[in-house]
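Shown next: data.cif, given as mmCIF, C-alpha atoms.
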data_run
#
loop_
_atom_site.group_PDB
_atom_site.id
_atom_site.type_symbol
_atom_site.label_atom_id
_atom_site.label_comp_id
_atom_site.auth_asym_id
_atom_site.auth_seq_id
_atom_site.Cartn_x
_atom_site.Cartn_y
_atom_site.Cartn_z
ATOM 1 C CA MET A 303 -9.021 14.375 25.110
ATOM 2 C CA ALA A 304 -8.394 18.005 25.799
ATOM 3 C CA ARG A 305 -6.899 20.017 23.067
ATOM 4 C CA ASN A 306 -4.801 22.808 24.326
ATOM 5 C CA GLY A 307 -5.955 25.206 21.711
ATOM 6 C CA ASN A 308 -2.431 25.468 20.541
ATOM 7 C CA ASP A 309 -2.759 23.424 17.485
ATOM 8 C CA ASP A 310 -3.396 25.994 14.881
ATOM 9 C CA PRO A 311 -0.841 25.929 12.178
ATOM 10 C CA ASP A 312 1.904 28.155 13.405
ATOM 11 C CA PRO A 313 3.960 29.217 10.491
ATOM 12 C CA PRO A 314 6.838 26.807 10.551
ATOM 13 C CA ASP A 315 10.150 28.313 11.415
ATOM 14 C CA GLU A 316 11.999 29.178 8.317
ATOM 15 C CA GLN A 317 14.188 26.311 7.405
ATOM 16 C CA GLY A 318 16.710 27.934 5.211
ATOM 17 C CA ASP A 319 17.793 24.809 3.448
ATOM 18 C CA ARG A 320 14.389 24.014 2.135
ATOM 19 C CA PRO A 321 13.659 25.030 -1.419
ATOM 20 C CA ALA A 322 10.838 27.475 -1.733
ATOM 21 C CA ASP A 323 8.744 25.263 -3.934
ATOM 22 C CA CYS A 324 8.073 22.703 -1.247
ATOM 23 C CA ARG A 325 6.303 24.984 1.165
ATOM 24 C CA ALA A 326 2.759 23.733 1.014
ATOM 25 C CA THR A 327 1.637 26.835 2.839
ATOM 26 C CA ASP A 328 2.660 29.043 -0.046
ATOM 27 C CA THR A 329 1.294 27.056 -2.851
ATOM 28 C CA GLY A 330 -2.265 28.207 -2.710
ATOM 29 C CA MET A 331 -3.542 24.753 -1.813
ATOM 30 C CA ALA A 332 -6.776 24.595 -3.682
ATOM 31 C CA ALA A 333 -9.613 25.708 -1.505
ATOM 32 C CA ASP A 334 -11.917 23.264 -3.206
ATOM 33 C CA VAL A 335 -10.233 20.120 -1.947
ATOM 34 C CA SER A 336 -13.342 18.335 -0.852
ATOM 35 C CA ILE A 337 -11.995 15.538 1.303
ATOM 36 C CA SER A 338 -11.589 15.777 5.023
ATOM 37 C CA PRO A 339 -8.139 16.145 6.528
ATOM 38 C CA SER A 340 -8.663 12.850 8.358
ATOM 39 C CA VAL A 341 -9.173 10.993 5.127
ATOM 40 C CA LEU A 342 -6.362 12.814 3.385
ATOM 41 C CA PHE A 343 -3.790 12.231 6.080
ATOM 42 C CA GLY A 344 -5.060 8.713 6.640
ATOM 43 C CA VAL A 345 -4.093 7.930 3.069
ATOM 44 C CA LEU A 346 -0.798 9.762 3.334
ATOM 45 C CA ALA A 347 -0.037 7.915 6.571
ATOM 46 C CA ASP A 348 0.242 4.696 4.638
ATOM 47 C CA ALA A 349 3.596 4.343 2.927
ATOM 48 C CA ARG A 350 2.368 2.190 0.089
ATOM 49 C CA GLN A 351 -0.693 4.278 -0.632
ATOM 50 C CA ARG A 352 1.207 7.522 -0.807
ATOM 51 C CA ARG A 353 3.843 5.925 -2.997
ATOM 52 C CA ILE A 354 1.192 4.826 -5.454
ATOM 53 C CA LEU A 355 0.131 8.458 -5.658
ATOM 54 C CA TYR A 356 3.714 9.676 -6.060
ATOM 55 C CA TYR A 357 4.201 7.262 -8.898
ATOM 56 C CA LEU A 358 1.054 8.273 -10.735
ATOM 57 C CA VAL A 359 1.636 11.990 -10.303
ATOM 58 C CA GLU A 360 5.312 11.876 -11.226
ATOM 59 C CA ASN A 361 4.785 9.791 -14.300
ATOM 60 C CA GLY A 362 1.400 11.069 -15.407
ATOM 61 C CA GLY A 363 -1.068 9.183 -17.520
ATOM 62 C CA THR A 364 -2.419 5.701 -17.039
ATOM 63 C CA TRP A 365 -0.416 2.882 -15.509
ATOM 64 C CA THR A 366 -1.043 -0.754 -14.862
ATOM 65 C CA LEU A 367 -1.117 -2.401 -11.490
ATOM 66 C CA GLU A 368 1.812 -4.561 -12.574
ATOM 67 C CA ALA A 369 3.987 -1.627 -13.566
ATOM 68 C CA ILE A 370 3.467 0.129 -10.274
ATOM 69 C CA GLY A 371 3.679 -3.086 -8.274
ATOM 70 C CA LYS A 372 7.079 -3.791 -9.750
ATOM 71 C CA HIS A 373 8.480 -0.514 -8.525
ATOM 72 C CA LEU A 374 6.822 -0.646 -5.147
ATOM 73 C CA ALA A 375 8.217 -4.138 -4.664
ATOM 74 C CA ALA A 376 11.668 -2.760 -5.363
ATOM 75 C CA TRP A 377 11.196 0.070 -2.930
ATOM 76 C CA GLU A 378 9.667 -2.079 -0.209
ATOM 77 C CA ASN A 379 12.477 -4.564 -0.483
ATOM 78 C CA GLU A 380 15.005 -1.755 -0.512
ATOM 79 C CA THR A 381 16.473 -2.616 -3.830
ATOM 80 C CA THR A 382 16.236 -1.502 -7.402
ATOM 81 C CA VAL A 383 13.861 -3.075 -9.835
ATOM 82 C CA GLU A 384 16.183 -5.684 -11.269
ATOM 83 C CA PRO A 385 16.818 -7.959 -8.306
ATOM 84 C CA THR A 386 13.216 -8.225 -7.162
ATOM 85 C CA THR A 387 11.795 -11.640 -7.655
ATOM 86 C CA GLU A 388 8.593 -12.357 -9.438
ATOM 87 C CA GLU A 389 7.220 -13.592 -6.139
ATOM 88 C CA MET A 390 7.888 -10.198 -4.480
ATOM 89 C CA GLN A 391 6.276 -8.397 -7.366
ATOM 90 C CA ASN A 392 3.248 -10.662 -7.400
ATOM 91 C CA ARG A 393 2.737 -10.222 -3.694
ATOM 92 C CA VAL A 394 2.849 -6.442 -3.832
ATOM 93 C CA THR A 395 0.708 -6.315 -6.954
ATOM 94 C CA ALA A 396 -1.910 -8.573 -5.398
ATOM 95 C CA GLY A 397 -1.833 -6.641 -2.145
ATOM 96 C CA MET A 398 -2.331 -3.377 -3.997
ATOM 97 C CA HIS A 399 -5.274 -4.765 -5.929
ATOM 98 C CA HIS A 400 -6.911 -6.150 -2.801
ATOM 99 C CA ALA A 401 -6.329 -3.352 -0.310
ATOM 100 C CA ASP A 402 -4.584 -0.146 -1.296
ATOM 101 C CA VAL A 403 -6.016 0.532 -4.721
ATOM 102 C CA PRO A 404 -9.650 0.059 -3.655
ATOM 103 C CA LYS A 405 -9.081 2.439 -0.782
ATOM 104 C CA LEU A 406 -7.546 5.091 -3.010
ATOM 105 C CA GLU A 407 -10.446 4.563 -5.377
ATOM 106 C CA ASP A 408 -13.109 4.770 -2.657
ATOM 107 C CA TYR A 409 -11.712 8.090 -1.516
ATOM 108 C CA GLY A 410 -11.553 9.462 -5.026
ATOM 109 C CA PHE A 411 -7.785 9.660 -5.505
ATOM 110 C CA ILE A 412 -7.594 7.310 -8.465
ATOM 111 C CA GLU A 413 -9.740 5.657 -11.050
ATOM 112 C CA TYR A 414 -9.085 1.977 -11.441
ATOM 113 C CA ASP A 415 -10.383 -0.681 -13.758
ATOM 114 C CA PRO A 416 -10.024 -4.040 -12.019
ATOM 115 C CA GLU A 417 -10.484 -5.862 -15.309
ATOM 116 C CA THR A 418 -7.525 -4.296 -17.056
ATOM 117 C CA GLY A 419 -5.594 -3.281 -13.936
ATOM 118 C CA ARG A 420 -5.220 0.221 -15.316
ATOM 119 C CA MET A 421 -5.306 3.236 -13.081
ATOM 120 C CA THR A 422 -5.008 6.959 -13.368
ATOM 121 C CA TYR A 423 -5.081 9.734 -10.801
ATOM 122 C CA THR A 424 -7.982 12.105 -10.402
ATOM 123 C CA GLU A 425 -8.375 15.848 -10.088
ATOM 124 C CA GLN A 426 -8.636 15.415 -6.365
ATOM 125 C CA THR A 427 -5.112 14.033 -6.341
ATOM 126 C CA GLU A 428 -3.963 16.936 -8.422
ATOM 127 C CA GLU A 429 -5.253 19.234 -5.717
ATOM 128 C CA ILE A 430 -3.025 17.648 -3.099
ATOM 129 C CA VAL A 431 0.165 17.608 -5.145
ATOM 130 C CA PRO A 432 1.828 20.143 -2.826
ATOM 131 C CA LEU A 433 1.309 17.776 0.084
ATOM 132 C CA LEU A 434 2.570 14.826 -1.922
ATOM 133 C CA GLU A 435 5.685 16.757 -2.838
ATOM 134 C CA LEU A 436 6.274 17.714 0.747
ATOM 135 C CA ALA A 437 5.747 14.121 1.908
ATOM 136 C CA GLU A 438 8.079 12.816 -0.740
ATOM 137 C CA GLN A 439 10.821 15.173 0.331
ATOM 138 C CA LEU A 440 10.444 13.934 3.879
ATOM 139 C CA GLU A 441 10.782 10.277 2.924
ATOM 140 C CA GLY A 442 14.514 10.301 3.339
ATOM 141 C CA ASP A 443 15.029 7.366 1.057
ATOM 142 C CA ASP A 444 15.769 6.939 -2.555
ATOM 143 C CA PHE A 445 12.278 6.319 -3.810
ATOM 144 C CA GLU A 446 12.910 9.057 -6.329
ATOM 145 C CA THR A 447 15.635 6.919 -7.751
ATOM 146 C CA HIS A 448 13.136 4.145 -8.264
ATOM 147 C CA LEU A 449 10.804 6.555 -9.952
ATOM 148 C CA GLU A 450 13.528 7.724 -12.274
ATOM 149 C CA GLN A 451 14.214 4.169 -13.272
ATOM 150 C CA ALA A 452 10.555 3.558 -13.744
ATOM 151 C CA HIS A 453 10.598 3.305 -17.464
ATOM 152 C CA PRO A 454 13.392 3.597 -19.957
ATOM 153 C CA GLN A 455 11.648 5.848 -22.409
ATOM 154 C CA PRO A 456 11.094 9.444 -21.353
ATOM 155 C CA SER A 457 7.657 9.841 -19.891
ATOM 156 C CA GLN A 458 5.153 11.136 -22.359
ATOM 157 C CA ASP A 459 4.334 14.133 -20.250
ATOM 158 C CA SER A 460 7.176 14.826 -17.939
ATOM 159 C CA THR A 461 6.075 16.476 -14.764
ATOM 160 C CA ARG A 462 9.538 16.282 -13.280
ATOM 161 C CA GLN A 463 10.613 19.839 -13.656
ATOM 162 C CA ARG A 464 11.678 20.511 -10.142
ATOM 163 C CA GLU A 465 15.336 19.735 -10.606
ATOM 164 C CA MET B 1399 7.331 -15.830 3.145
ATOM 165 C CA THR B 1400 6.784 -19.454 3.815
ATOM 166 C CA GLY B 1401 3.596 -21.398 3.522
ATOM 167 C CA ASP B 1402 3.062 -24.932 4.616
ATOM 168 C CA ARG B 1403 0.210 -27.267 4.980
ATOM 169 C CA HIS B 1404 1.232 -28.735 8.245
ATOM 170 C CA PRO B 1405 -0.441 -29.293 11.557
ATOM 171 C CA GLU B 1406 0.223 -26.586 14.110
ATOM 172 C CA GLY B 1407 0.696 -28.463 17.331
ATOM 173 C CA GLY B 1408 -0.379 -31.613 15.570
ATOM 174 C CA ALA B 1409 -4.038 -30.886 16.077
ATOM 175 C CA ASP B 1410 -5.615 -30.599 12.694
ATOM 176 C CA ASP B 1411 -3.990 -30.756 9.320
ATOM 177 C CA SER B 1412 -6.838 -29.034 7.519
ATOM 178 C CA TRP B 1413 -5.207 -25.706 8.417
ATOM 179 C CA PHE B 1414 -2.731 -24.178 6.032
ATOM 180 C CA THR B 1415 -0.148 -22.205 7.944
ATOM 181 C CA TYR B 1416 1.664 -19.236 6.483
ATOM 182 C CA ARG B 1417 4.455 -17.516 8.315
ATOM 183 C CA MET B 1418 4.722 -13.791 7.709
ATOM 184 C CA ASP B 1419 8.053 -12.100 7.373
ATOM 185 C CA PRO B 1420 8.539 -9.440 10.040
ATOM 186 C CA ASP B 1421 8.016 -6.617 7.563
ATOM 187 C CA GLU B 1422 5.393 -8.307 5.445
ATOM 188 C CA ARG B 1423 2.132 -6.455 5.045
ATOM 189 C CA PRO B 1424 -0.594 -8.559 6.686
ATOM 190 C CA THR B 1425 -3.103 -7.971 3.895
ATOM 191 C CA ASP B 1426 -0.567 -9.126 1.293
ATOM 192 C CA ALA B 1427 0.047 -12.214 3.355
ATOM 193 C CA VAL B 1428 -3.647 -13.023 3.760
ATOM 194 C CA VAL B 1429 -4.224 -12.755 0.045
ATOM 195 C CA MET B 1430 -1.235 -14.930 -0.800
ATOM 196 C CA ALA B 1431 -2.142 -17.544 1.794
ATOM 197 C CA VAL B 1432 -5.756 -17.792 0.686
ATOM 198 C CA ALA B 1433 -4.724 -17.927 -2.973
ATOM 199 C CA ALA B 1434 -2.420 -20.818 -2.116
ATOM 200 C CA VAL B 1435 -5.181 -22.693 -0.304
ATOM 201 C CA ARG B 1436 -7.720 -22.069 -3.024
ATOM 202 C CA ASN B 1437 -5.132 -22.727 -5.690
ATOM 203 C CA VAL B 1438 -6.103 -19.690 -7.736
ATOM 204 C CA PRO B 1439 -4.142 -16.582 -8.722
ATOM 205 C CA ALA B 1440 -4.351 -13.958 -6.000
ATOM 206 C CA LEU B 1441 -5.759 -11.417 -8.442
ATOM 207 C CA GLU B 1442 -8.740 -13.659 -9.088
ATOM 208 C CA LEU B 1443 -9.947 -13.751 -5.503
ATOM 209 C CA GLU B 1444 -12.727 -11.408 -4.503
ATOM 210 C CA ARG B 1445 -11.281 -8.155 -3.288
ATOM 211 C CA LEU B 1446 -10.238 -8.354 0.331
ATOM 212 C CA HIS B 1447 -11.134 -4.697 0.782
ATOM 213 C CA ASP B 1448 -14.774 -5.594 0.075
ATOM 214 C CA VAL B 1449 -14.751 -8.069 2.951
ATOM 215 C CA ILE B 1450 -12.727 -6.519 5.762
ATOM 216 C CA GLU B 1451 -11.302 -3.129 6.659
ATOM 217 C CA THR B 1452 -7.846 -3.776 5.268
ATOM 218 C CA ASP B 1453 -6.178 -0.751 6.855
ATOM 219 C CA ALA B 1454 -7.379 -1.887 10.250
ATOM 220 C CA LEU B 1455 -5.877 -5.341 9.787
ATOM 221 C CA ASN B 1456 -2.563 -3.840 8.731
ATOM 222 C CA THR B 1457 -2.542 -1.506 11.688
ATOM 223 C CA LEU B 1458 -3.344 -4.257 14.163
ATOM 224 C CA PHE B 1459 -0.538 -6.462 12.944
ATOM 225 C CA SER B 1460 2.018 -3.947 11.824
ATOM 226 C CA GLY B 1461 4.187 -4.317 14.896
ATOM 227 C CA THR B 1462 6.732 -7.019 15.359
ATOM 228 C CA VAL B 1463 6.757 -6.877 19.109
ATOM 229 C CA GLU B 1464 6.157 -10.047 21.039
ATOM 230 C CA SER B 1465 3.350 -8.446 23.011
ATOM 231 C CA ASP B 1466 1.225 -8.835 19.899
ATOM 232 C CA ARG B 1467 1.317 -12.546 20.263
ATOM 233 C CA ASP B 1468 -2.029 -12.813 22.011
ATOM 234 C CA LEU B 1469 -3.812 -10.866 19.340
ATOM 235 C CA ARG B 1470 -5.833 -13.000 16.991
ATOM 236 C CA VAL B 1471 -8.335 -11.981 14.360
ATOM 237 C CA GLN B 1472 -10.618 -14.378 12.547
ATOM 238 C CA PHE B 1473 -12.827 -13.822 9.536
ATOM 239 C CA THR B 1474 -14.182 -15.658 6.535
ATOM 240 C CA TYR B 1475 -12.932 -14.727 3.109
ATOM 241 C CA ALA B 1476 -13.186 -16.463 -0.252
ATOM 242 C CA ASP B 1477 -14.840 -19.517 1.316
ATOM 243 C CA CYS B 1478 -12.040 -19.844 3.819
ATOM 244 C CA LEU B 1479 -11.736 -19.303 7.511
ATOM 245 C CA VAL B 1480 -8.751 -17.027 8.037
ATOM 246 C CA GLU B 1481 -7.034 -16.519 11.340
ATOM 247 C CA VAL B 1482 -4.394 -13.828 11.591
ATOM 248 C CA SER B 1483 -1.952 -13.559 14.434
ATOM 249 C CA ARG B 1484 1.690 -12.638 14.187
ATOM 250 C CA PRO B 1485 3.650 -14.190 12.667
ATOM 251 C CA LEU B 1486 1.215 -16.913 11.636
ATOM 252 C CA ILE B 1487 -1.732 -16.801 9.311
ATOM 253 C CA ARG B 1488 -3.865 -19.910 9.321
ATOM 254 C CA VAL B 1489 -6.337 -20.661 6.575
ATOM 255 C CA ARG B 1490 -8.891 -23.440 6.361
ATOM 256 C CA GLU B 1491 -11.211 -24.040 3.468
ATOM 257 C CA LEU B 1492 -14.840 -24.053 4.482
ATOM 258 C CA GLU B 1493 -16.923 -26.895 3.145
#

As structure tokens - that is how I would like this structure written.
Amino acid sequence: MARNGNDDPDPPDEQGDRPADCRATDTGMAADVSISPSVLFGVLADARQRRILYYLVENGGTWTLEAIGKHLAAWENETTVEPTTEEMQNRVTAGMHHADVPKLEDYGFIEYDPETGRMTYTEQTEEIVPLLELAEQLEGDDFETHLEQAHPQPSQDSTRQRE
Amino acid sequence: MTGDRHPEGGADDSWFTYRMDPDERPTDAVVMAVAAVRNVPALELERLHDVIETDALNTLFSGTVESDRDLRVQFTYADCLVEVSRPLIRVRELE
């Protein structure tokens, strides 16, 4: 597999309609991110795994598997939280517990207690927030809407200051 | 999703057959099918991630194209023999 030597990160052409705060290149991405790009982008390549990280970062604090599963079920079934069935929610919650959450944990993005189902994001995740924000903007769906509906009470530590 | 204990091709009714929806995540489906066979809540099964490379399974069976139909992966999990193809997952309890 020959690489043409052309793959260094050319500065992207200015895209005038993009707000300045989403340019990962400008954000001083922490130099001490200790994971490899392959691992990082492997996680971000998976829609469910990156959405778990969006949820945790946007809402801050500690969340249960069930709470996140409920919102991912809504997103994955392209609906809002209300019409999802318990079966959909159980399936996503179980799938997260069995596959996605352990992977995020193995790679150091979250801490998870399988007994209580509680999880929280780590400093490593904090270091990749610029990439998460960029990825989220590229989603082109209304996952943000799901996040906003995530919980009726204002989040204890609102990190949503971008708008 | 649909799960049925019925003989595929009439051969052997010890297999539980689960039909995945086209957009269903294979690892979700495996967990739900095995939980149904074992008759336990899915969250109480040993973690699938500790047994197989879950990302690899999802990647192998993420497509819906018919050319995937010859692909078949078999492994043991939670005292069951699990066979994943698309769209069917077959599960048989091991003695």

Please find the residues of chain A near chain B - the criterion being any atom within 9 Å, counting only C-alpha atoms - and write them as a list in words. Asp348, Asn392, Arg393, Val394, Thr395, Ala396, Gly397, Met398, His399, His400, Ala401, Asp402, Pro404 and Lys405 of chain A

If we count only C-alpha atoms and set the cut-off at 7 Å, which residues sit around Gly410 of chain A, ignoring sequence neighbours fewer than 4 positions away in its own chain? Please answer as a list in words. Leu406, Thr424 and Gln426 of chain A

When distances are computed from all atoms listed in the file, which of A:Ile337, A:Leu355, A:Ile412, A:Leu367 shows the smallest separation from Val431 of chain A?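 Under the stated criterion, the closest residue is A:Leu355.
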
Name the residues captured by the PyMOL selection byres ((chain B and resi 1479) around 7) when it is applied to the shown file; answer as a PDB file with C-alpha atoms, in the coordinates of the input.
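Ended up saving to result08.pdb:
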ATOM      1  CA  PHE B1473     -12.827 -13.822   9.536  1.00  0.00           C
ATOM      2  CA  THR B1474     -14.182 -15.658   6.535  1.00  0.00           C
ATOM      3  CA  TYR B1475     -12.932 -14.727   3.109  1.00  0.00           C
ATOM      4  CA  ASP B1477     -14.840 -19.517   1.316  1.00  0.00           C
ATOM      5  CA  CYS B1478     -12.040 -19.844   3.819  1.00  0.00           C
ATOM      6  CA  VAL B1480      -8.751 -17.027   8.037  1.00  0.00           C
ATOM      7  CA  GLU B1481      -7.034 -16.519  11.340  1.00  0.00           C
ATOM      8  CA  VAL B1489      -6.337 -20.661   6.575  1.00  0.00           C
ATOM      9  CA  ARG B1490      -8.891 -23.440   6.361  1.00  0.00           C
ATOM     10  CA  GLU B1491     -11.211 -24.040   3.468  1.00  0.00           C
ATOM     11  CA  LEU B1492     -14.840 -24.053   4.482  1.00  0.00           C
TER      12      LEU B1492
END

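You will find atom CA of Thr422 of chain A at 27.3 Å from atom CA of Val1438 of chain B.
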